[in-house]
>>> print(open('data-v1.txt').read())   # compact mmCIF, C-alpha atoms and all ligand atoms
# COMPACT_ATOMS: atom_id res chain seq x y z
CA MET A 1 144.63 147.94 113.85
CA LYS A 2 142.76 144.72 113.15
CA ALA A 3 140.05 144.82 110.47
CA VAL A 4 138.09 142.43 108.28
CA VAL A 5 138.96 143.59 104.77
CA LEU A 6 137.10 142.33 101.71
CA HIS A 7 139.56 142.14 98.80
CA GLU A 8 137.61 139.83 96.54
CA LEU A 9 133.90 139.08 96.11
CA GLY A 10 132.66 135.61 96.97
CA GLU A 11 131.98 133.23 99.82
CA PRO A 12 132.07 134.22 103.52
CA GLU A 13 135.61 132.80 103.73
CA LYS A 14 136.75 135.92 101.84
CA LEU A 15 136.34 137.71 105.19
CA ASN A 16 139.58 137.54 107.14
CA VAL A 17 141.13 139.66 109.85
CA GLU A 18 144.29 141.50 108.88
CA ASN A 19 146.42 144.41 110.11
CA VAL A 20 145.73 147.77 108.47
CA ALA A 21 146.53 151.41 109.25
CA GLU A 22 144.25 153.18 111.73
CA PRO A 23 142.05 155.86 110.12
CA GLU A 24 142.83 159.55 110.72
CA PRO A 25 139.92 161.95 111.25
CA LYS A 26 139.41 164.32 108.31
CA GLU A 27 137.73 167.70 108.72
CA GLY A 28 134.35 167.25 110.43
CA GLU A 29 135.08 163.64 111.39
CA VAL A 30 135.68 161.68 114.56
CA VAL A 31 137.46 158.37 115.02
CA VAL A 32 135.63 155.79 117.13
CA GLN A 33 137.38 152.85 118.79
CA LEU A 34 134.78 150.13 118.30
CA HIS A 35 133.70 147.71 121.01
CA ALA A 36 131.06 145.99 118.89
CA ALA A 37 129.76 145.95 115.32
CA ALA A 38 126.73 144.24 113.79
CA LEU A 39 125.81 142.56 110.52
CA ASN A 40 123.18 143.63 108.04
CA ARG A 41 122.00 141.79 104.94
CA ARG A 42 123.63 144.61 102.97
CA ASP A 43 127.05 143.24 104.00
CA VAL A 44 126.13 139.89 102.44
CA TRP A 45 124.87 141.53 99.23
CA ILE A 46 128.15 143.48 98.93
CA ARG A 47 130.35 140.43 99.60
CA ARG A 48 128.47 138.50 96.96
CA GLY A 49 128.74 141.34 94.41
CA ARG A 50 124.99 142.00 94.43
CA TYR A 51 125.15 145.69 95.36
CA ALA A 52 125.59 148.85 93.32
CA ASN A 53 128.96 150.66 92.99
CA ILE A 54 131.11 148.14 94.81
CA LYS A 55 134.71 149.24 95.39
CA LEU A 56 137.41 146.93 96.69
CA PRO A 57 139.16 146.59 99.05
CA ILE A 58 136.55 147.60 101.60
CA ILE A 59 136.00 147.17 105.33
CA LEU A 60 132.33 146.15 105.62
CA GLY A 61 129.97 147.05 108.45
CA SER A 62 127.40 149.78 108.98
CA ASP A 63 126.68 149.31 112.67
CA GLY A 64 129.01 150.05 115.53
CA ALA A 65 129.39 151.38 119.06
CA GLY A 66 132.53 152.47 120.87
CA ILE A 67 134.54 155.35 122.32
CA VAL A 68 135.63 158.50 120.48
CA THR A 69 139.43 158.60 120.38
CA ALA A 70 140.16 161.52 118.01
CA THR A 71 138.43 164.48 116.40
CA GLY A 72 139.19 166.33 113.17
CA ASN A 73 139.09 170.06 112.48
CA GLY A 74 135.68 171.56 113.10
CA VAL A 75 134.64 168.95 115.66
CA ASN A 76 134.46 169.66 119.39
CA ALA A 77 137.56 167.98 120.92
CA SER A 78 135.68 167.38 124.16
CA LEU A 79 133.94 164.48 122.40
CA VAL A 80 137.09 162.41 122.97
CA GLY A 81 136.31 159.73 125.56
CA LYS A 82 132.54 159.75 124.94
CA GLU A 83 130.70 156.44 124.60
CA VAL A 84 128.76 156.56 121.34
CA LEU A 85 126.88 154.62 118.72
CA ILE A 86 126.99 155.49 115.05
CA ASN A 87 124.14 156.46 112.73
CA PRO A 88 125.30 154.77 109.50
CA CYS A 89 123.08 156.96 107.33
CA LEU A 90 125.60 159.48 106.00
CA ALA A 91 124.56 162.77 104.36
CA TRP A 92 120.77 162.25 104.45
CA GLY A 93 120.30 165.94 103.54
CA GLY A 94 117.62 168.44 104.53
CA ASP A 95 114.46 166.80 103.15
CA GLU A 96 112.51 164.60 105.58
CA ARG A 97 110.78 162.89 102.66
CA VAL A 98 113.82 161.52 100.85
CA GLN A 99 117.59 161.21 101.09
CA ASP A 100 119.95 163.57 99.25
CA ASN A 101 121.98 162.65 96.14
CA ASN A 102 125.12 162.50 98.30
CA PHE A 103 123.48 160.01 100.69
CA ARG A 104 125.52 156.90 101.42
CA ILE A 105 125.62 154.13 103.99
CA LEU A 106 128.64 153.47 106.20
CA GLY A 107 130.50 150.35 105.06
CA LEU A 108 130.58 151.17 101.30
CA PRO A 109 132.01 153.32 99.81
CA ASP A 110 133.44 154.51 103.17
CA ASN A 111 135.24 151.88 105.27
CA GLY A 112 132.94 150.43 107.93
CA THR A 113 132.84 148.93 111.37
CA TYR A 114 134.32 145.41 111.11
CA ALA A 115 137.47 146.92 112.63
CA ASN A 116 139.09 148.33 115.75
CA TYR A 117 138.58 151.91 114.54
CA VAL A 118 136.34 153.74 112.10
CA ALA A 119 136.24 157.38 110.96
CA VAL A 120 132.75 158.91 110.64
CA PRO A 121 131.28 162.41 110.38
CA GLY A 122 130.96 164.00 113.83
CA GLU A 123 127.26 164.59 113.19
CA ASN A 124 126.69 160.82 112.93
CA ILE A 125 127.61 159.91 116.50
CA TYR A 126 125.06 159.76 119.30
CA GLU A 127 125.62 159.25 123.01
CA LYS A 128 125.26 155.58 123.90
CA PRO A 129 122.22 155.22 126.17
CA GLY A 130 123.46 154.07 129.58
CA ASN A 131 120.98 151.18 129.70
CA LEU A 132 122.55 149.49 126.68
CA SER A 133 125.60 147.21 126.55
CA TRP A 134 128.11 147.71 123.75
CA GLU A 135 126.60 144.76 121.90
CA GLU A 136 123.05 146.10 122.26
CA ALA A 137 124.08 149.59 121.15
CA ALA A 138 125.85 148.19 118.06
CA ALA A 139 122.81 146.06 117.19
CA ILE A 140 120.46 149.02 116.88
CA PRO A 141 121.45 151.64 114.27
CA LEU A 142 120.76 150.47 110.71
CA ALA A 143 117.94 148.02 111.39
CA GLY A 144 116.33 150.09 114.16
CA LEU A 145 116.34 153.19 111.96
CA THR A 146 114.89 151.35 108.95
CA ALA A 147 112.17 149.74 111.05
CA TYR A 148 111.25 152.99 112.82
CA ARG A 149 110.84 154.91 109.60
CA ALA A 150 108.87 152.05 107.99
CA VAL A 151 106.47 151.51 110.90
CA ILE A 152 106.07 155.03 112.28
CA SER A 153 107.22 157.73 109.85
CA ARG A 154 105.89 156.04 106.70
CA ALA A 155 103.06 153.66 107.66
CA ASP A 156 102.00 155.74 110.69
CA VAL A 157 100.91 152.62 112.59
CA GLN A 158 98.26 153.38 115.18
CA SER A 159 97.18 151.66 118.36
CA GLY A 160 94.77 148.79 117.69
CA GLN A 161 95.77 148.38 114.02
CA THR A 162 96.77 144.95 112.73
CA VAL A 163 100.30 144.78 111.33
CA LEU A 164 101.89 141.91 109.41
CA ILE A 165 105.68 141.67 109.55
CA THR A 166 107.22 139.22 107.10
CA GLY A 167 110.33 137.12 107.78
CA ILE A 168 110.37 137.82 111.50
CA GLY A 169 113.79 136.27 112.04
CA GLY A 170 115.35 139.18 110.15
CA GLY A 171 117.16 142.02 111.86
CA VAL A 172 114.85 144.80 110.63
CA ALA A 173 111.76 142.64 111.15
CA CYS A 174 112.50 142.13 114.87
CA PHE A 175 112.81 145.89 115.40
CA ALA A 176 109.59 146.44 113.42
CA LEU A 177 107.80 144.00 115.73
CA GLN A 178 108.96 145.81 118.84
CA ILE A 179 108.19 149.27 117.46
CA ALA A 180 104.73 148.26 116.21
CA ARG A 181 103.92 146.70 119.60
CA LYS A 182 105.15 149.82 121.35
CA ALA A 183 102.70 151.80 119.15
CA GLY A 184 99.92 149.52 120.43
CA ALA A 185 99.42 147.50 117.24
CA ARG A 186 98.33 143.86 117.03
CA VAL A 187 101.20 142.11 115.25
CA PHE A 188 101.15 139.01 113.04
CA VAL A 189 104.30 137.52 111.51
CA THR A 190 105.54 135.11 108.88
CA SER A 191 108.66 133.01 109.15
CA GLY A 192 110.25 129.92 107.64
CA SER A 193 110.61 128.52 111.15
CA ASP A 194 107.93 127.61 113.70
CA LYS A 195 110.45 128.20 116.47
CA LYS A 196 110.95 131.80 115.33
CA ILE A 197 107.17 132.30 115.34
CA ASP A 198 107.20 131.13 118.97
CA ARG A 199 109.98 133.63 119.73
CA ALA A 200 107.91 136.36 118.07
CA ARG A 201 104.96 135.47 120.31
CA GLU A 202 107.24 135.94 123.33
CA LEU A 203 107.98 139.45 121.99
CA GLY A 204 104.28 140.25 121.79
CA ALA A 205 103.18 138.98 118.37
CA GLU A 206 99.63 137.66 118.40
CA ASP A 207 100.20 134.82 115.95
CA GLY A 208 102.13 133.80 112.86
CA VAL A 209 102.29 131.48 109.87
CA ASN A 210 105.14 129.53 108.32
CA TYR A 211 105.72 130.71 104.74
CA LYS A 212 107.03 127.26 103.86
CA ASN A 213 103.45 125.94 104.10
CA ASP A 214 101.59 126.16 100.78
CA ASN A 215 98.42 127.60 102.30
CA TRP A 216 100.07 130.35 104.38
CA ARG A 217 98.11 133.17 102.76
CA GLN A 218 94.80 131.50 103.62
CA LYS A 219 95.97 130.66 107.13
CA LEU A 220 97.02 134.28 107.67
CA LYS A 221 93.60 135.51 106.58
CA GLU A 222 92.06 133.08 109.07
CA ILE A 223 94.20 134.09 112.04
CA SER A 224 93.84 137.83 111.42
CA GLY A 225 90.06 137.28 111.32
CA GLU A 226 87.53 139.90 110.36
CA SER A 227 89.85 142.82 111.05
CA GLY A 228 92.26 141.69 108.29
CA ILE A 229 95.69 143.28 107.91
CA ASP A 230 95.88 147.08 108.06
CA VAL A 231 99.63 147.41 107.46
CA VAL A 232 102.18 145.03 105.95
CA VAL A 233 105.86 145.68 106.69
CA ASP A 234 107.89 143.75 104.12
CA GLY A 235 111.57 143.36 103.26
CA THR A 236 111.26 140.34 100.98
CA GLY A 237 109.51 141.44 97.75
CA GLY A 238 109.89 138.79 95.02
CA GLU A 239 107.10 136.24 94.78
CA ASN A 240 105.85 137.45 98.19
CA PHE A 241 104.79 140.80 96.79
CA ASP A 242 101.62 139.48 95.19
CA ALA A 243 100.76 137.51 98.33
CA ILE A 244 101.12 140.67 100.37
CA LEU A 245 98.77 142.55 98.03
CA ASP A 246 96.35 139.69 98.55
CA VAL A 247 96.44 139.59 102.37
CA ALA A 248 96.31 143.38 102.92
CA LYS A 249 92.79 144.53 103.63
CA PRO A 250 91.06 147.03 101.31
CA GLY A 251 92.34 150.53 102.07
CA GLY A 252 95.39 149.00 103.75
CA THR A 253 99.03 150.05 103.60
CA ILE A 254 102.12 148.18 102.46
CA VAL A 255 105.54 149.51 103.39
CA MET A 256 108.51 147.96 101.56
CA TYR A 257 112.06 148.28 102.86
CA GLY A 258 113.80 145.52 100.91
CA ALA A 259 113.61 142.70 98.39
CA THR A 260 115.54 139.74 99.78
CA LEU A 261 113.66 137.50 97.32
CA GLY A 262 114.52 139.75 94.35
CA PRO A 263 112.21 141.20 91.69
CA SER A 264 108.59 140.24 91.26
CA ASP A 265 107.19 139.08 87.92
CA ASN A 266 103.73 137.92 88.98
CA VAL A 267 102.05 141.00 90.41
CA THR A 268 98.27 141.13 90.09
CA VAL A 269 98.16 144.88 89.56
CA ARG A 270 94.37 144.91 89.82
CA ARG A 271 94.64 144.22 93.56
CA ILE A 272 96.43 147.56 94.07
CA PHE A 273 93.75 149.81 92.58
CA TRP A 274 90.68 147.73 93.33
CA LYS A 275 91.60 147.48 97.01
CA GLN A 276 92.69 151.15 97.16
CA LEU A 277 96.03 150.11 98.66
CA ASN A 278 98.72 152.55 99.76
CA ILE A 279 102.18 151.34 98.80
CA PHE A 280 105.14 153.08 100.43
CA GLY A 281 108.82 152.58 99.82
CA THR A 282 111.31 153.37 102.57
CA THR A 283 115.07 153.43 103.00
CA MET A 284 117.04 153.99 106.20
CA GLY A 285 115.82 157.28 107.75
CA SER A 286 116.49 160.94 108.52
CA PRO A 287 118.45 162.17 111.56
CA SER A 288 115.11 162.99 113.15
CA ASP A 289 113.91 159.38 112.62
CA PHE A 290 117.18 158.19 114.19
CA GLU A 291 116.75 160.38 117.28
CA LYS A 292 113.16 159.27 117.85
CA MET A 293 114.10 155.62 117.37
CA LEU A 294 117.00 155.92 119.80
CA GLU A 295 114.72 157.48 122.39
CA LEU A 296 112.57 154.32 122.29
CA TYR A 297 115.61 152.15 123.03
CA SER A 298 116.91 154.50 125.71
CA SER A 299 114.29 153.29 128.16
CA ASP A 300 114.39 149.84 129.65
CA THR A 301 111.03 148.88 128.18
CA ILE A 302 112.47 147.45 124.95
CA LYS A 303 115.89 146.03 124.16
CA PRO A 304 117.20 145.05 120.74
CA VAL A 305 116.94 141.34 120.01
CA ILE A 306 120.41 139.85 119.69
CA ASP A 307 120.76 136.47 118.05
CA SER A 308 124.39 135.93 119.00
CA VAL A 309 127.68 137.68 119.62
CA MET A 310 130.80 136.35 117.87
CA PRO A 311 134.36 137.67 117.84
CA LEU A 312 135.47 139.81 114.88
CA ALA A 313 137.59 136.90 113.66
CA ASP A 314 134.36 134.90 113.19
CA ALA A 315 132.84 137.36 110.69
CA ALA A 316 132.69 134.57 108.08
CA LYS A 317 130.79 132.32 110.49
CA ALA A 318 128.33 135.13 111.21
CA HIS A 319 127.81 135.69 107.45
CA HIS A 320 127.06 131.98 106.99
CA ARG A 321 124.47 132.16 109.78
CA MET A 322 122.77 135.12 108.09
CA GLU A 323 122.79 133.55 104.63
CA ASP A 324 121.30 130.35 106.01
CA ALA A 325 118.53 132.43 107.75
CA GLU A 326 119.44 130.76 111.04
CA GLN A 327 119.32 133.97 113.07
CA PHE A 328 116.58 135.52 115.13
CA GLY A 329 117.46 139.19 115.51
CA LYS A 330 120.86 140.78 115.17
CA LEU A 331 124.20 139.09 114.62
CA VAL A 332 126.79 141.06 116.56
CA LEU A 333 130.59 141.05 116.37
CA GLY A 334 132.36 141.71 119.66
CA ILE A 335 135.61 143.67 119.13
CA GLU A 336 138.50 143.44 121.58
CA PRO A 337 139.90 146.97 122.05
N1 LIG A 401 115.90 150.01 102.49
C1 LIG A 401 116.70 149.97 103.53
O1 LIG A 401 117.11 150.99 104.07
C2 LIG A 401 117.07 148.65 104.09
C3 LIG A 401 117.61 148.58 105.38
C4 LIG A 401 117.87 147.34 105.93
C5 LIG A 401 117.63 146.19 105.16
N2 LIG A 401 117.17 146.30 103.89
C6 LIG A 401 116.89 145.09 103.11
O2 LIG A 401 115.84 144.39 103.80
C7 LIG A 401 116.05 143.00 103.71
C8 LIG A 401 116.15 142.41 105.13
O3 LIG A 401 117.30 142.94 105.75
P1 LIG A 401 117.82 142.38 107.17
O4 LIG A 401 119.14 142.99 107.43
O5 LIG A 401 116.73 142.47 108.16
O6 LIG A 401 118.07 140.85 106.73
P2 LIG A 401 118.16 139.49 107.53
O7 LIG A 401 118.42 139.78 108.98
O8 LIG A 401 119.08 138.65 106.75
O9 LIG A 401 116.67 138.92 107.40
C9 LIG A 401 116.19 138.32 106.24
C10 LIG A 401 114.97 137.48 106.60
O10 LIG A 401 114.20 137.28 105.42
C11 LIG A 401 113.30 136.26 105.72
N3 LIG A 401 112.88 135.52 104.53
C12 LIG A 401 113.65 134.79 103.70
N4 LIG A 401 112.84 134.21 102.76
C13 LIG A 401 111.57 134.62 103.03
C14 LIG A 401 110.28 134.37 102.45
N5 LIG A 401 110.14 133.55 101.39
N6 LIG A 401 109.20 134.95 103.00
C15 LIG A 401 109.31 135.76 104.08
N7 LIG A 401 110.50 136.01 104.67
C16 LIG A 401 111.60 135.45 104.16
C17 LIG A 401 113.94 135.33 106.73
O11 LIG A 401 113.05 135.29 107.85
P3 LIG A 401 112.85 133.98 108.76
O12 LIG A 401 114.21 133.73 109.31
O13 LIG A 401 111.86 134.40 109.79
O14 LIG A 401 112.33 132.90 107.88
C18 LIG A 401 115.27 136.06 107.05
O15 LIG A 401 115.61 135.97 108.39
C19 LIG A 401 117.32 142.80 102.89
O16 LIG A 401 116.95 142.58 101.56
C20 LIG A 401 118.05 144.13 103.04
O17 LIG A 401 118.92 144.38 101.97
C21 LIG A 401 116.88 147.50 103.36
>>> encode(input="data-v1.txt", output="structure tokens")
Amino acid sequence: MKAVVLHELGEPEKLNVENVAEPEPKEGEVVVQLHAAALNRRDVWIRRGRYANIKLPIILGSDGAGIVTATGNGVNASLVGKEVLINPCLAWGGDERVQDNNFRILGLPDNGTYANYVAVPGENIYEKPGNLSWEEAAAIPLAGLTAYRAVISRADVQSGQTVLITGIGGGVACFALQIARKAGARVFVTSGSDKKIDRARELGAEDGVNYKNDNWRQKLKEISGESGIDVVVDGTGGENFDAILDVAKPGGTIVMYGATLGPSDNVTVRRIFWKQLNIFGTTMGSPSDFEKMLELYSSDTIKPVIDSVMPLADAAKAHHRMEDAEQFGKLVLGIEP
């Protein structure tokens, strides 16, 4: 089969298509012939060597949708031929509050979806909703799950609340916007691009500020008005963390799913206790989060936001687009069967 195999860490050009053996299903597994895969920032971190426990060579990719072609022992053989998408959250475990020690994400250490075929546990496949194209189905899993758990399961966003979503061009951020709107929240965004703020308005955001402007914190306080910000959904961390503590209203909630900007060394800790803030961390989500998220995208009322679809052979180009923050929504790889 064709697959993009990472042999060496480095620039996007390390991602090239080559011929490798098709995976065989082990006990409890199915093999899925992929029609589309999607990128996540995680893939970039791994390629650049900025991820824990990297093993090489590896086929990257956590997101995928396709048709089941084989089943291993212990899996119902009638699944062969089913159109599915993959929950990349492997071995979450039995605790809704936190993932198990054996938890891992498809695409490292297990080979992922930048390929014609992938082997995954049978319990991680879900019927592809009929209203979604292959590309849309592949765009959803990792980012949709992360956003759902952040906005609903952790922050418990309610109708009428004000929600700030940072870096709206990001894959998770776009899902968070849709899910928060669906919950009836008033959404504000930040972005490094005015055009992306306009796109966010089209998706239902009330307003936004460009984080490249020096006075963005002040501007955000102005546009959110007297109600302030009830919930901040953030995947950037770094120097933004203190700004987020500043813009959240007293008694507000901050839910963190990532740290694209790295660690933070200028946190005004006083803001956390004086403002009685709730700070939640979140990672991926449980099978129950996944099912509830998928239900949202199984109706025609919301569709995942796709930035672009490129062929598998253009994985390097797609990685460049992500690293340069050019995208709005998900970068998808179309895979010729
Ligand atoms: N915990 C988990 O389970 C989990 C799951 C998924 C992702 N993550 C992490 O969450 C982060 C986002 O992931 P993703 O896949 O959504 O990435 P992505 O699609 O690459 O989005 C990253 C976005 O960050 C924004 N950004 C960059 N600099 C910023 C700044 N100074 N202030 C505000 N926003 C800024 C940009 O938004 P604009 O383009 O609008 O400027 C960019 O599009 C990554 O660090 C990833 O590793 C964690």
>>> closest_residue(input="data-v1.txt", among="A:Pro109, A:Pro57, A:Pro250, A:Pro141", to="ligand LIG 401 (chain A)", atoms="only C-alpha atoms and all ligand atoms")
A:Pro141
>>> closest_residue(input="data-v1.txt", among="A:Ser298, A:Ser286, A:Ser193, A:Thr162", to="Val231 of chain A", atoms="only C-alpha atoms")
A:Thr162
>>> residues_near_ligand(input="data-v1.txt", ligand="ligand LIG 401 (chain A)", cutoff="7 Å", atoms="all atoms listed in the file", output="number ranges by chain")
A: 40-42, 142-143, 146, 166-173, 190-193, 196, 211, 235-236, 240, 257-261, 282-284, 322-323, 325-330
>>> atom_distance(input="data-v1.txt", atom1="atom CA of Trp216 of chain A", atom2="atom CA of Gln158 of chain A")
25.5 Å
>>> closest_residue(input="data-v1.txt", among="A:Arg50, A:His35, A:Lys55, A:Arg97", to="Leu6 of chain A", atoms="all atoms listed in the file")
A:Lys55
>>> residues_around(input="data-v1.txt", residues="Phe241 of chain A", least_positions_apart="4", cutoff="8 Å", atoms="only C-alpha atoms", output="list of chain:residue names")
A:Thr236, A:Gly237, A:Leu245, A:Ser264, A:Val267
>>> atom_distance(input="data-v1.txt", atom1="atom CA of Glu239 of chain A", atom2="atom CA of Asn215 of chain A")
14.4 Å
>>> residues_near_point(input="data-v1.txt", point="(132.1, 138.0, 97.0)", cutoff="8 Å", atoms="only C-alpha atoms", output="short mmCIF file (atom, residue, chain, number, x, y, z; two decimals) with C-alpha atoms, in the frame of the given file")
data_model
loop_
_atom_site.label_atom_id
_atom_site.label_comp_id
_atom_site.auth_asym_id
_atom_site.auth_seq_id
_atom_site.Cartn_x
_atom_site.Cartn_y
_atom_site.Cartn_z
CA GLU A 8 137.61 139.83 96.54
CA LEU A 9 133.90 139.08 96.11
CA GLY A 10 132.66 135.61 96.97
CA GLU A 11 131.98 133.23 99.82
CA PRO A 12 132.07 134.22 103.52
CA LYS A 14 136.75 135.92 101.84
CA ILE A 46 128.15 143.48 98.93
CA ARG A 47 130.35 140.43 99.60
CA ARG A 48 128.47 138.50 96.96
CA GLY A 49 128.74 141.34 94.41
#
>>> atom_distance(input="data-v1.txt", atom1="atom CA of Asp207 of chain A", atom2="atom CA of Leu164 of chain A")
9.8 Å
>>> closest_residue(input="data-v1.txt", among="A:Leu331, A:Ala91, A:Val187, A:Ala137", to="Ser159 of chain A", atoms="all atoms listed in the file")
A:Val187
>>> closest_residue(input="data-v1.txt", among="A:Lys292, A:Lys82, A:Lys249, A:Lys212", to="Gln276 of chain A", atoms="only C-alpha atoms")
A:Lys249
>>> closest_residue(input="data-v1.txt", among="A:Leu60, A:Val305, A:Val247, A:Ala155", to="Cys174 of chain A", atoms="only C-alpha atoms")
A:Val305
>>> residues_around(input="data-v1.txt", residues="segment 127-132 of chain A", least_positions_apart="4", cutoff="7 Å", atoms="all atoms listed in the file", output="PyMOL selection string")
chain A and resi 83-85+136-137+298+300
>>> write_last_selection(input="data-v1.txt", atoms="C-alpha atoms", output="PDB file, in the coordinates of the input")
ATOM      1  CA  GLU A  83     130.700 156.440 124.600  1.00  0.00           C
ATOM      2  CA  VAL A  84     128.760 156.560 121.340  1.00  0.00           C
ATOM      3  CA  LEU A  85     126.880 154.620 118.720  1.00  0.00           C
ATOM      4  CA  GLU A 136     123.050 146.100 122.260  1.00  0.00           C
ATOM      5  CA  ALA A 137     124.080 149.590 121.150  1.00  0.00           C
ATOM      6  CA  SER A 298     116.910 154.500 125.710  1.00  0.00           C
ATOM      7  CA  ASP A 300     114.390 149.840 129.650  1.00  0.00           C
TER       8      ASP A 300
END
>>> residues_around(input="data-v1.txt", residues="Trp274 of chain A", least_positions_apart="3", cutoff="12 Å", atoms="all atoms listed in the file", output="PyMOL selection string")
chain A and resi 245-246+248-252+268-271+277-278
>>> residues_around(input="data-v1.txt", residues="Gly94 of chain A", least_positions_apart="3", cutoff="12 Å", atoms="all atoms listed in the file", output="list in words")
Ala91, Arg97, Val98, Gln99, Asp100, Asn101, Asn102, Phe103, Gly285, Ser286, Pro287 and Ser288 of chain A
>>> residues_around(input="data-v1.txt", residues="Glu123 of chain A", least_positions_apart="4", cutoff="10 Å", atoms="only C-alpha atoms", output="VMD selection string")
chain A and resid 28 to 30 75 86 to 87 90 to 91 287
>>> write_last_selection(input="data-v1.txt", atoms="C-alpha atoms", output="PDB file, in the frame of the given file")
ATOM      1  CA  GLY A  28     134.350 167.250 110.430  1.00  0.00           C
ATOM      2  CA  GLU A  29     135.080 163.640 111.390  1.00  0.00           C
ATOM      3  CA  VAL A  30     135.680 161.680 114.560  1.00  0.00           C
ATOM      4  CA  VAL A  75     134.640 168.950 115.660  1.00  0.00           C
ATOM      5  CA  ILE A  86     126.990 155.490 115.050  1.00  0.00           C
ATOM      6  CA  ASN A  87     124.140 156.460 112.730  1.00  0.00           C
ATOM      7  CA  LEU A  90     125.600 159.480 106.000  1.00  0.00           C
ATOM      8  CA  ALA A  91     124.560 162.770 104.360  1.00  0.00           C
ATOM      9  CA  PRO A 287     118.450 162.170 111.560  1.00  0.00           C
TER      10      PRO A 287
END
>>> axis_aligned_box(input="data-v1.txt", around="segment 114-131 of chain A", padding_each_side="3 Å", output="JSON")
{"center_x": 130.0, "center_y": 155.0, "center_z": 120.0, "size_x": 24.1, "size_y": 25.2, "size_z": 25.3}
>>> decode(input="data-v1.txt", residues="segment 49-68 of chain A", atoms="C-alpha atoms", output="PDB file, in the first residue's frame")
ATOM      1  CA  GLY A  49      10.637  15.969  17.486  1.00  0.00           C
ATOM      2  CA  ARG A  50       8.620  17.995  20.002  1.00  0.00           C
ATOM      3  CA  TYR A  51       6.490  15.139  21.332  1.00  0.00           C
ATOM      4  CA  ALA A  52       7.045  12.544  24.038  1.00  0.00           C
ATOM      5  CA  ASN A  53       8.142   8.943  23.267  1.00  0.00           C
ATOM      6  CA  ILE A  54       8.708   9.330  19.547  1.00  0.00           C
ATOM      7  CA  LYS A  55       9.481   6.093  17.713  1.00  0.00           C
ATOM      8  CA  LEU A  56      10.626   5.954  14.113  1.00  0.00           C
ATOM      9  CA  PRO A  57       9.709   4.984  11.470  1.00  0.00           C
ATOM     10  CA  ILE A  58       6.071   5.936  11.969  1.00  0.00           C
ATOM     11  CA  ILE A  59       3.040   6.548   9.773  1.00  0.00           C
ATOM     12  CA  LEU A  60       1.521   9.757  11.163  1.00  0.00           C
ATOM     13  CA  GLY A  61      -2.176  10.618  11.276  1.00  0.00           C
ATOM     14  CA  SER A  62      -4.877  10.317  13.923  1.00  0.00           C
ATOM     15  CA  ASP A  63      -7.944  11.071  11.824  1.00  0.00           C
ATOM     16  CA  GLY A  64      -9.424   8.898   9.130  1.00  0.00           C
ATOM     17  CA  ALA A  65     -12.558   7.584   7.472  1.00  0.00           C
ATOM     18  CA  GLY A  66     -12.978   4.627   5.144  1.00  0.00           C
ATOM     19  CA  ILE A  67     -14.332   1.115   4.656  1.00  0.00           C
ATOM     20  CA  VAL A  68     -13.634  -1.905   6.850  1.00  0.00           C
TER      21      VAL A  68
END
